[in-house]
>>> print(open('target31.pdb').read())   # PDB, C-alpha atoms
ATOM      1  CA  SER A   5      52.385-314.792  37.523
ATOM      2  CA  GLU A   6      53.167-311.340  38.864
ATOM      3  CA  TRP A   7      53.897-310.124  35.335
ATOM      4  CA  ILE A   8      50.364-310.989  34.187
ATOM      5  CA  LYS A   9      49.005-308.775  36.958
ATOM      6  CA  LEU A  10      51.115-305.889  35.668
ATOM      7  CA  SER A  11      50.320-306.489  32.000
ATOM      8  CA  LEU A  12      47.185-304.333  31.889
ATOM      9  CA  ALA A  13      48.946-301.187  33.094
ATOM     10  CA  SER A  14      51.997-301.980  30.978
ATOM     11  CA  TYR A  15      49.952-302.435  27.815
ATOM     12  CA  TYR A  16      48.118-299.138  28.076
ATOM     13  CA  VAL A  17      51.324-297.251  28.805
ATOM     14  CA  LEU A  18      52.913-298.715  25.664
ATOM     15  CA  ALA A  19      49.780-298.494  23.503
ATOM     16  CA  CYS A  20      49.103-294.866  24.415
ATOM     17  CA  ALA A  21      52.745-293.958  23.841
ATOM     18  CA  GLU A  22      52.670-295.542  20.389
ATOM     19  CA  ALA A  23      49.352-293.840  19.585
ATOM     20  CA  SER A  24      50.775-290.474  20.566
ATOM     21  CA  SER A  25      53.895-291.018  18.467
ATOM     22  CA  ASN A  26      52.116-292.420  15.398
ATOM     23  CA  LEU A  27      49.284-289.894  15.370
ATOM     24  CA  SER A  28      51.562-286.885  15.775
ATOM     25  CA  ARG A  29      51.873-286.735  11.974
ATOM     26  CA  TYR A  30      48.179-285.912  11.622
ATOM     27  CA  ASP A  31      48.517-282.156  11.645
ATOM     28  CA  GLY A  32      46.132-281.299   8.798
ATOM     29  CA  VAL A  33      49.060-280.217   6.611
ATOM     30  CA  ARG A  34      50.921-283.399   5.661
ATOM     31  CA  TYR A  35      48.486-286.037   6.903
ATOM     32  CA  GLY A  36      44.946-286.135   8.168
ATOM     33  CA  MET A  37      41.840-284.186   7.331
ATOM     34  CA  GLU A  38      42.162-280.642   6.096
ATOM     35  CA  LEU A  39      39.540-278.293   7.486
ATOM     36  CA  ASP A  40      38.027-275.770   5.135
ATOM     37  CA  LEU A  41      37.840-272.174   6.309
ATOM     38  CA  ASP A  42      34.278-272.451   7.623
ATOM     39  CA  GLN A  43      34.987-275.624   9.587
ATOM     40  CA  TYR A  44      38.211-274.155  10.894
ATOM     41  CA  SER A  45      36.482-270.988  12.127
ATOM     42  CA  GLU A  46      33.685-272.955  13.751
ATOM     43  CA  SER A  47      36.181-275.220  15.500
ATOM     44  CA  ILE A  48      38.198-272.278  16.830
ATOM     45  CA  ASP A  49      35.056-270.497  18.023
ATOM     46  CA  SER A  50      33.657-273.553  19.742
ATOM     47  CA  MET A  51      36.973-274.343  21.435
ATOM     48  CA  ASN A  52      37.475-270.789  22.653
ATOM     49  CA  GLY A  53      34.043-270.982  24.218
ATOM     50  CA  THR A  54      34.799-274.120  26.225
ATOM     51  CA  ASP A  55      38.075-275.494  27.539
ATOM     52  CA  PHE A  56      40.437-274.384  24.791
ATOM     53  CA  GLU A  57      41.152-270.779  25.701
ATOM     54  CA  SER A  58      44.854-271.608  25.527
ATOM     55  CA  LEU A  59      44.580-271.501  21.731
ATOM     56  CA  ILE A  60      44.678-267.730  21.978
ATOM     57  CA  ASP A  61      48.366-267.941  22.932
ATOM     58  CA  MET A  62      49.220-270.272  20.020
ATOM     59  CA  THR A  63      50.606-269.422  16.642
ATOM     60  CA  ALA A  64      48.379-269.770  13.585
ATOM     61  CA  LEU A  65      49.970-273.128  12.712
ATOM     62  CA  GLU A  66      49.572-274.454  16.261
ATOM     63  CA  GLN A  67      45.947-273.338  16.269
ATOM     64  CA  ARG A  68      45.332-275.145  13.001
ATOM     65  CA  ILE A  69      46.955-278.369  14.257
ATOM     66  CA  SER A  70      44.973-278.258  17.522
ATOM     67  CA  ALA A  71      41.708-277.534  15.719
ATOM     68  CA  THR A  72      42.317-280.324  13.210
ATOM     69  CA  ARG A  73      42.953-282.896  15.945
ATOM     70  CA  ALA A  74      40.075-281.707  18.119
ATOM     71  CA  TYR A  75      37.747-281.793  15.124
ATOM     72  CA  GLY A  76      39.012-285.053  13.600
ATOM     73  CA  PHE A  77      39.900-287.232  16.627
ATOM     74  CA  GLY A  78      37.218-288.862  18.769
ATOM     75  CA  GLU A  79      37.216-288.785  22.554
ATOM     76  CA  GLU A  80      38.976-292.133  22.945
ATOM     77  CA  ILE A  81      41.719-291.180  20.482
ATOM     78  CA  GLN A  82      42.287-287.870  22.228
ATOM     79  CA  ARG A  83      42.394-289.638  25.588
ATOM     80  CA  ARG A  84      45.087-292.036  24.398
ATOM     81  CA  VAL A  85      47.131-289.350  22.669
ATOM     82  CA  LEU A  86      47.179-287.194  25.804
ATOM     83  CA  ALA A  87      48.088-290.166  28.006
ATOM     84  CA  GLY A  88      50.828-291.204  25.580
ATOM     85  CA  THR A  89      52.256-287.714  25.407
ATOM     86  CA  SER A  90      52.424-287.703  29.191
ATOM     87  CA  VAL A  91      54.315-291.018  29.515
ATOM     88  CA  LEU A  92      56.754-289.988  26.770
ATOM     89  CA  SER A  93      57.645-286.738  28.518
ATOM     90  CA  SER A  94      61.176-286.405  29.864
ATOM     91  CA  ASP A  95      60.154-286.762  33.509
ATOM     92  CA  ARG A  96      58.036-289.904  32.960
ATOM     93  CA  PHE A  97      59.825-291.768  30.176
ATOM     94  CA  HIS A  98      62.156-293.730  32.447
ATOM     95  CA  THR A  99      59.649-294.371  35.237
ATOM     96  CA  HIS A 100      56.683-295.285  32.995
ATOM     97  CA  TYR A 101      57.616-296.231  29.426
ATOM     98  CA  GLU A 102      60.853-298.080  30.147
ATOM     99  CA  ALA A 103      59.276-299.857  33.128
ATOM    100  CA  ALA A 104      56.395-301.000  30.906
ATOM    101  CA  ALA A 105      58.859-302.314  28.329
ATOM    102  CA  VAL A 106      60.587-304.361  31.048
ATOM    103  CA  VAL A 107      57.229-305.836  32.104
ATOM    104  CA  ARG A 108      56.522-306.778  28.465
ATOM    105  CA  ALA A 109      59.828-308.656  28.173
ATOM    106  CA  LYS A 110      59.382-310.441  31.515
ATOM    107  CA  LEU A 111      55.790-311.379  30.663
ATOM    108  CA  SER A 112      56.808-312.797  27.296
ATOM    109  CA  ARG A 113      59.428-315.042  28.885
ATOM    110  CA  SER A 114      57.050-316.109  31.653
ATOM    111  CA  LEU A 115      54.303-317.220  29.261
ATOM    112  CA  ALA A 116      56.758-318.873  26.865
ATOM    113  CA  SER A 117      58.095-321.025  29.699
ATOM    114  CA  ALA A 118      54.651-322.631  30.101
ATOM    115  CA  PHE A 119      54.663-324.153  26.603
ATOM    116  CA  ARG A 120      56.381-327.284  25.403
ATOM    117  CA  CYS A 121      59.394-326.701  23.172
ATOM    118  CA  SER A 122      58.441-326.811  19.517
ATOM    119  CA  HIS A 123      61.004-329.531  18.790
ATOM    120  CA  ILE A 124      59.288-332.006  21.139
ATOM    121  CA  SER A 125      57.187-334.547  19.239
ATOM    122  CA  HIS A 126      53.481-334.716  20.018
ATOM    123  CA  THR A 127      53.894-338.462  20.571
ATOM    124  CA  ALA A 128      56.731-338.066  23.031
ATOM    125  CA  ARG A 129      56.017-338.501  26.708
ATOM    126  CA  VAL A 130      56.594-335.221  28.470
ATOM    127  CA  LYS A 131      57.030-335.522  32.210
ATOM    128  CA  ASP A 132      56.711-331.858  33.071
ATOM    129  CA  GLU A 133      53.511-329.812  33.335
ATOM    130  CA  LYS A 134      54.029-327.780  30.200
ATOM    131  CA  VAL A 135      51.192-327.489  27.686
ATOM    132  CA  ASP A 136      50.712-327.203  23.930
ATOM    133  CA  ALA A 137      47.955-324.571  24.060
ATOM    134  CA  MET A 138      45.842-322.676  26.571
ATOM    135  CA  LEU A 139      42.135-321.883  26.650
ATOM    136  CA  VAL A 140      40.916-318.807  28.533
ATOM    137  CA  PRO A 141      37.840-316.552  28.372
ATOM    138  CA  THR A 142      38.129-313.614  25.998
ATOM    139  CA  ALA A 143      36.522-311.232  28.505
ATOM    140  CA  LEU A 144      35.519-311.239  32.150
ATOM    141  CA  SER A 145      31.902-310.258  31.507
ATOM    142  CA  PHE A 146      29.088-310.848  29.071
ATOM    143  CA  PRO A 147      28.762-308.563  26.036
ATOM    144  CA  CYS A 148      26.915-305.345  26.823
ATOM    145  CA  LYS A 149      23.242-305.361  25.886
ATOM    146  CA  LEU A 150      21.732-302.979  23.376
ATOM    147  CA  ASN A 151      19.669-300.297  25.038
ATOM    148  CA  PRO A 152      16.071-300.560  23.773
ATOM    149  CA  LEU A 153      15.509-296.923  24.719
ATOM    150  CA  HIS A 154      17.872-295.851  21.963
ATOM    151  CA  GLY A 155      16.127-295.713  18.638
ATOM    152  CA  ASP A 156      19.373-296.478  16.861
ATOM    153  CA  GLY A 157      20.036-299.556  18.990
ATOM    154  CA  LEU A 158      23.128-298.177  20.681
ATOM    155  CA  ALA A 159      24.571-300.037  23.644
ATOM    156  CA  ASP A 160      24.498-298.598  27.130
ATOM    157  CA  GLU A 161      27.341-296.211  27.859
ATOM    158  CA  ILE A 162      30.357-297.979  29.325
ATOM    159  CA  ASP A 163      32.900-296.442  31.660
ATOM    160  CA  PRO A 164      36.250-296.310  29.781
ATOM    161  CA  THR A 165      38.158-297.514  32.847
ATOM    162  CA  ALA A 166      35.864-300.536  33.178
ATOM    163  CA  ALA A 167      36.288-301.258  29.468
ATOM    164  CA  PHE A 168      40.081-301.144  29.850
ATOM    165  CA  ALA A 169      39.965-303.560  32.797
ATOM    166  CA  ASN A 170      37.847-306.013  30.790
ATOM    167  CA  ASP A 171      40.796-306.513  28.421
ATOM    168  CA  VAL A 172      42.853-308.258  31.073
ATOM    169  CA  MET A 173      42.334-311.677  29.455
ATOM    170  CA  THR A 174      43.553-310.669  25.988
ATOM    171  CA  ILE A 175      46.266-308.155  26.793
ATOM    172  CA  PRO A 176      48.915-310.509  28.261
ATOM    173  CA  ILE A 177      48.761-312.641  25.103
ATOM    174  CA  SER A 178      49.003-309.701  22.715
ATOM    175  CA  LEU A 179      51.694-308.049  24.790
ATOM    176  CA  GLY A 180      53.753-311.239  24.811
ATOM    177  CA  GLY A 181      53.413-311.685  21.046
ATOM    178  CA  PHE A 182      51.684-315.072  21.036
ATOM    179  CA  PRO A 183      49.270-316.264  18.319
ATOM    180  CA  SER A 184      45.656-316.416  19.480
ATOM    181  CA  VAL A 185      42.109-316.603  18.210
ATOM    182  CA  SER A 186      38.770-315.968  19.891
ATOM    183  CA  VAL A 187      35.774-318.127  19.027
ATOM    184  CA  PRO A 188      32.147-317.761  20.164
ATOM    185  CA  VAL A 189      30.890-320.488  22.466
ATOM    186  CA  LYS A 190      27.238-320.686  23.473
ATOM    187  CA  GLU A 191      26.665-322.420  26.777
ATOM    188  CA  ASN A 192      24.202-322.486  29.643
ATOM    189  CA  ILE A 193      25.850-319.938  31.892
ATOM    190  CA  ILE A 194      24.598-318.641  35.205
ATOM    191  CA  ASP A 195      25.622-315.051  35.925
ATOM    192  CA  SER A 196      26.373-313.500  39.322
ATOM    193  CA  THR A 197      22.665-312.817  39.965
ATOM    194  CA  GLY A 198      21.758-316.483  39.493
ATOM    195  CA  CYS A 199      20.034-315.866  36.182
ATOM    196  CA  ASN A 200      20.718-317.350  32.803
ATOM    197  CA  PRO A 201      21.081-314.381  30.403
ATOM    198  CA  ASP A 202      19.174-314.582  27.137
ATOM    199  CA  SER A 203      21.271-316.040  24.357
ATOM    200  CA  ALA A 204      24.283-316.214  26.657
ATOM    201  CA  GLN A 205      27.304-316.426  24.415
ATOM    202  CA  ILE A 206      30.874-315.980  25.475
ATOM    203  CA  GLY A 207      34.160-315.819  23.650
ATOM    204  CA  MET A 208      36.873-318.357  24.395
ATOM    205  CA  GLN A 209      40.427-317.549  23.466
ATOM    206  CA  VAL A 210      42.950-320.134  22.321
ATOM    207  CA  PHE A 211      46.638-319.272  22.303
ATOM    208  CA  ALA A 212      49.871-321.181  21.980
ATOM    209  CA  ASP A 213      53.602-320.703  21.612
ATOM    210  CA  ARG A 214      55.063-318.587  18.822
ATOM    211  CA  GLY A 215      55.002-320.354  15.489
ATOM    212  CA  SER A 216      52.052-322.522  16.528
ATOM    213  CA  GLU A 217      49.371-320.778  14.463
ATOM    214  CA  THR A 218      48.264-324.066  12.875
ATOM    215  CA  LEU A 219      47.735-325.621  16.290
ATOM    216  CA  VAL A 220      45.744-322.604  17.466
ATOM    217  CA  LEU A 221      43.415-322.818  14.450
ATOM    218  CA  ARG A 222      42.960-326.590  14.894
ATOM    219  CA  VAL A 223      41.923-326.148  18.535
ATOM    220  CA  ALA A 224      39.608-323.269  17.637
ATOM    221  CA  ASN A 225      37.989-325.379  14.944
ATOM    222  CA  ALA A 226      37.416-328.194  17.439
ATOM    223  CA  LEU A 227      35.655-325.767  19.800
ATOM    224  CA  GLN A 228      33.254-324.702  17.095
TER
END
>>> encode(input="target31.pdb", output="structure tokens")
Amino acid sequence: SEWIKLSLASYYVLACAEASSNLSRYDGVRYGMELDLDQYSESIDSMNGTDFESLIDMTALEQRISATRAYGFGEEIQRRVLAGTSVLSSDRFHTHYEAAAVVRAKLSRSLASAFRCSHISHTARVKDEKVDAMLVPTALSFPCKLNPLHGDGLADEIDPTAAFANDVMTIPISLGGFPSVSVPVKENIIDSTGCNPDSAQIGMQVFADRGSETLVLRVANALQ
């Protein structure tokens, strides 16, 4: 449906907005890590030497909050907080956040309409094309391989935008509020290059209507 196509953008608008709101309490005073004087000085010095010259115009409290978040939050957290702060601003709230909330509601109704009503018996003959559960891939690609050049076995660096797009199979289900579970399935799979990757294992995701957790677990167990 058209709402599934919009779910990826909608989810990250809502998720980043919630991250920005929830993490705003981590100011180093009430919540979050508290930098000691040495760490605080080092953080201020390092930030003034790079892209944080604006700290000079801040009050002492604002400097401390900024240093605490820069020192304690990773790159991905900072990216989501900044994006969430942007969509919650007065000039973007109605065009971004509220629009994403509308997509979430429409998507939820669209997916729910595909399932049989919970009051219908499993032995009853249903003439429509509705289903009890759905089975979809968990991701659009194989898991990233560990880079043998890294002594610590780290995976190759992944572009954040590509990683976001790879969530398109799981996001509509989470956004709609449906129960789901992902199970590993090992099959003989041929990738786009015509090769069979070593130990090719994919995740298959089972989801069903709300309140159908038992059914989801039964189907997942059958797959394993």
>>> atom_distance(input="target31.pdb", atom1="CA of Val91 in chain A", atom2="CA of Leu10 in chain A")
16.4 Å
>>> residues_around(input="target31.pdb", residues="range 81-84 of chain A", least_positions_apart="2", cutoff="8 Å", atoms="all atoms listed in the file", output="PyMOL selection string")
chain A and resi 20-21+23-24+74+77-79+86-88
>>> resolve_selection(input="target31.pdb", expression="the PyMOL selection byres ((chain A and resi 115-119) around 8)", output="PyMOL selection string")
chain A and resi 111-114+120-121+133-137+180+212-213
>>> write_last_selection(input="target31.pdb", atoms="C-alpha atoms", output="PDB file, in the coordinates of the input")
ATOM      1  CA  LEU A 111      55.790-311.379  30.663  1.00  0.00           C
ATOM      2  CA  SER A 112      56.808-312.797  27.296  1.00  0.00           C
ATOM      3  CA  ARG A 113      59.428-315.042  28.885  1.00  0.00           C
ATOM      4  CA  SER A 114      57.050-316.109  31.653  1.00  0.00           C
ATOM      5  CA  ARG A 120      56.381-327.284  25.403  1.00  0.00           C
ATOM      6  CA  CYS A 121      59.394-326.701  23.172  1.00  0.00           C
ATOM      7  CA  GLU A 133      53.511-329.812  33.335  1.00  0.00           C
ATOM      8  CA  LYS A 134      54.029-327.780  30.200  1.00  0.00           C
ATOM      9  CA  VAL A 135      51.192-327.489  27.686  1.00  0.00           C
ATOM     10  CA  ASP A 136      50.712-327.203  23.930  1.00  0.00           C
ATOM     11  CA  ALA A 137      47.955-324.571  24.060  1.00  0.00           C
ATOM     12  CA  GLY A 180      53.753-311.239  24.811  1.00  0.00           C
ATOM     13  CA  ALA A 212      49.871-321.181  21.980  1.00  0.00           C
ATOM     14  CA  ASP A 213      53.602-320.703  21.612  1.00  0.00           C
TER      15      ASP A 213
END
>>> residues_around(input="target31.pdb", residues="Gly76 in chain A", least_positions_apart="3", cutoff="7 Å", atoms="all atoms listed in the file", output="list of chain:residue names")
A:Met37, A:Thr72, A:Arg73
>>> resolve_selection(input="target31.pdb", expression="the PyMOL selection byres ((chain A and resi 11-19) around 10)", output="JSON, numbers by chain")
{"A": [6, 7, 8, 9, 10, 20, 21, 22, 23, 24, 25, 84, 85, 87, 88, 90, 91, 92, 100, 101, 102, 103, 104, 105, 106, 107, 108, 110, 111, 168, 169, 170, 171, 172, 173, 174, 175, 176, 177, 178, 179, 180]}
>>> write_last_selection(input="target31.pdb", atoms="C-alpha atoms", output="PDB file, in the coordinates of the input")
ATOM      1  CA  GLU A   6      53.167-311.340  38.864  1.00  0.00           C
ATOM      2  CA  TRP A   7      53.897-310.124  35.335  1.00  0.00           C
ATOM      3  CA  ILE A   8      50.364-310.989  34.187  1.00  0.00           C
ATOM      4  CA  LYS A   9      49.005-308.775  36.958  1.00  0.00           C
ATOM      5  CA  LEU A  10      51.115-305.889  35.668  1.00  0.00           C
ATOM      6  CA  CYS A  20      49.103-294.866  24.415  1.00  0.00           C
ATOM      7  CA  ALA A  21      52.745-293.958  23.841  1.00  0.00           C
ATOM      8  CA  GLU A  22      52.670-295.542  20.389  1.00  0.00           C
ATOM      9  CA  ALA A  23      49.352-293.840  19.585  1.00  0.00           C
ATOM     10  CA  SER A  24      50.775-290.474  20.566  1.00  0.00           C
ATOM     11  CA  SER A  25      53.895-291.018  18.467  1.00  0.00           C
ATOM     12  CA  ARG A  84      45.087-292.036  24.398  1.00  0.00           C
ATOM     13  CA  VAL A  85      47.131-289.350  22.669  1.00  0.00           C
ATOM     14  CA  ALA A  87      48.088-290.166  28.006  1.00  0.00           C
ATOM     15  CA  GLY A  88      50.828-291.204  25.580  1.00  0.00           C
ATOM     16  CA  SER A  90      52.424-287.703  29.191  1.00  0.00           C
ATOM     17  CA  VAL A  91      54.315-291.018  29.515  1.00  0.00           C
ATOM     18  CA  LEU A  92      56.754-289.988  26.770  1.00  0.00           C
ATOM     19  CA  HIS A 100      56.683-295.285  32.995  1.00  0.00           C
ATOM     20  CA  TYR A 101      57.616-296.231  29.426  1.00  0.00           C
ATOM     21  CA  GLU A 102      60.853-298.080  30.147  1.00  0.00           C
ATOM     22  CA  ALA A 103      59.276-299.857  33.128  1.00  0.00           C
ATOM     23  CA  ALA A 104      56.395-301.000  30.906  1.00  0.00           C
ATOM     24  CA  ALA A 105      58.859-302.314  28.329  1.00  0.00           C
ATOM     25  CA  VAL A 106      60.587-304.361  31.048  1.00  0.00           C
ATOM     26  CA  VAL A 107      57.229-305.836  32.104  1.00  0.00           C
ATOM     27  CA  ARG A 108      56.522-306.778  28.465  1.00  0.00           C
ATOM     28  CA  LYS A 110      59.382-310.441  31.515  1.00  0.00           C
ATOM     29  CA  LEU A 111      55.790-311.379  30.663  1.00  0.00           C
ATOM     30  CA  PHE A 168      40.081-301.144  29.850  1.00  0.00           C
ATOM     31  CA  ALA A 169      39.965-303.560  32.797  1.00  0.00           C
ATOM     32  CA  ASN A 170      37.847-306.013  30.790  1.00  0.00           C
ATOM     33  CA  ASP A 171      40.796-306.513  28.421  1.00  0.00           C
ATOM     34  CA  VAL A 172      42.853-308.258  31.073  1.00  0.00           C
ATOM     35  CA  MET A 173      42.334-311.677  29.455  1.00  0.00           C
ATOM     36  CA  THR A 174      43.553-310.669  25.988  1.00  0.00           C
ATOM     37  CA  ILE A 175      46.266-308.155  26.793  1.00  0.00           C
ATOM     38  CA  PRO A 176      48.915-310.509  28.261  1.00  0.00           C
ATOM     39  CA  ILE A 177      48.761-312.641  25.103  1.00  0.00           C
ATOM     40  CA  SER A 178      49.003-309.701  22.715  1.00  0.00           C
ATOM     41  CA  LEU A 179      51.694-308.049  24.790  1.00  0.00           C
ATOM     42  CA  GLY A 180      53.753-311.239  24.811  1.00  0.00           C
TER      43      GLY A 180
END
>>> atom_distance(input="target31.pdb", atom1="CA of Arg214 in chain A", atom2="CA of Val185 in chain A")
13.1 Å
>>> atom_distance(input="target31.pdb", atom1="CA of Val189 in chain A", atom2="CA of Ala226 in chain A")
11.3 Å
>>> closest_residue(input="target31.pdb", among="A:Ser216, A:Thr99, A:Ser93, A:Gly32", to="Ala71 in chain A", atoms="only C-alpha atoms")
A:Gly32
>>> closest_residue(input="target31.pdb", among="A:Gly207, A:Asp31, A:Thr89, A:Lys190", to="Gln67 in chain A", atoms="only C-alpha atoms")
A:Asp31
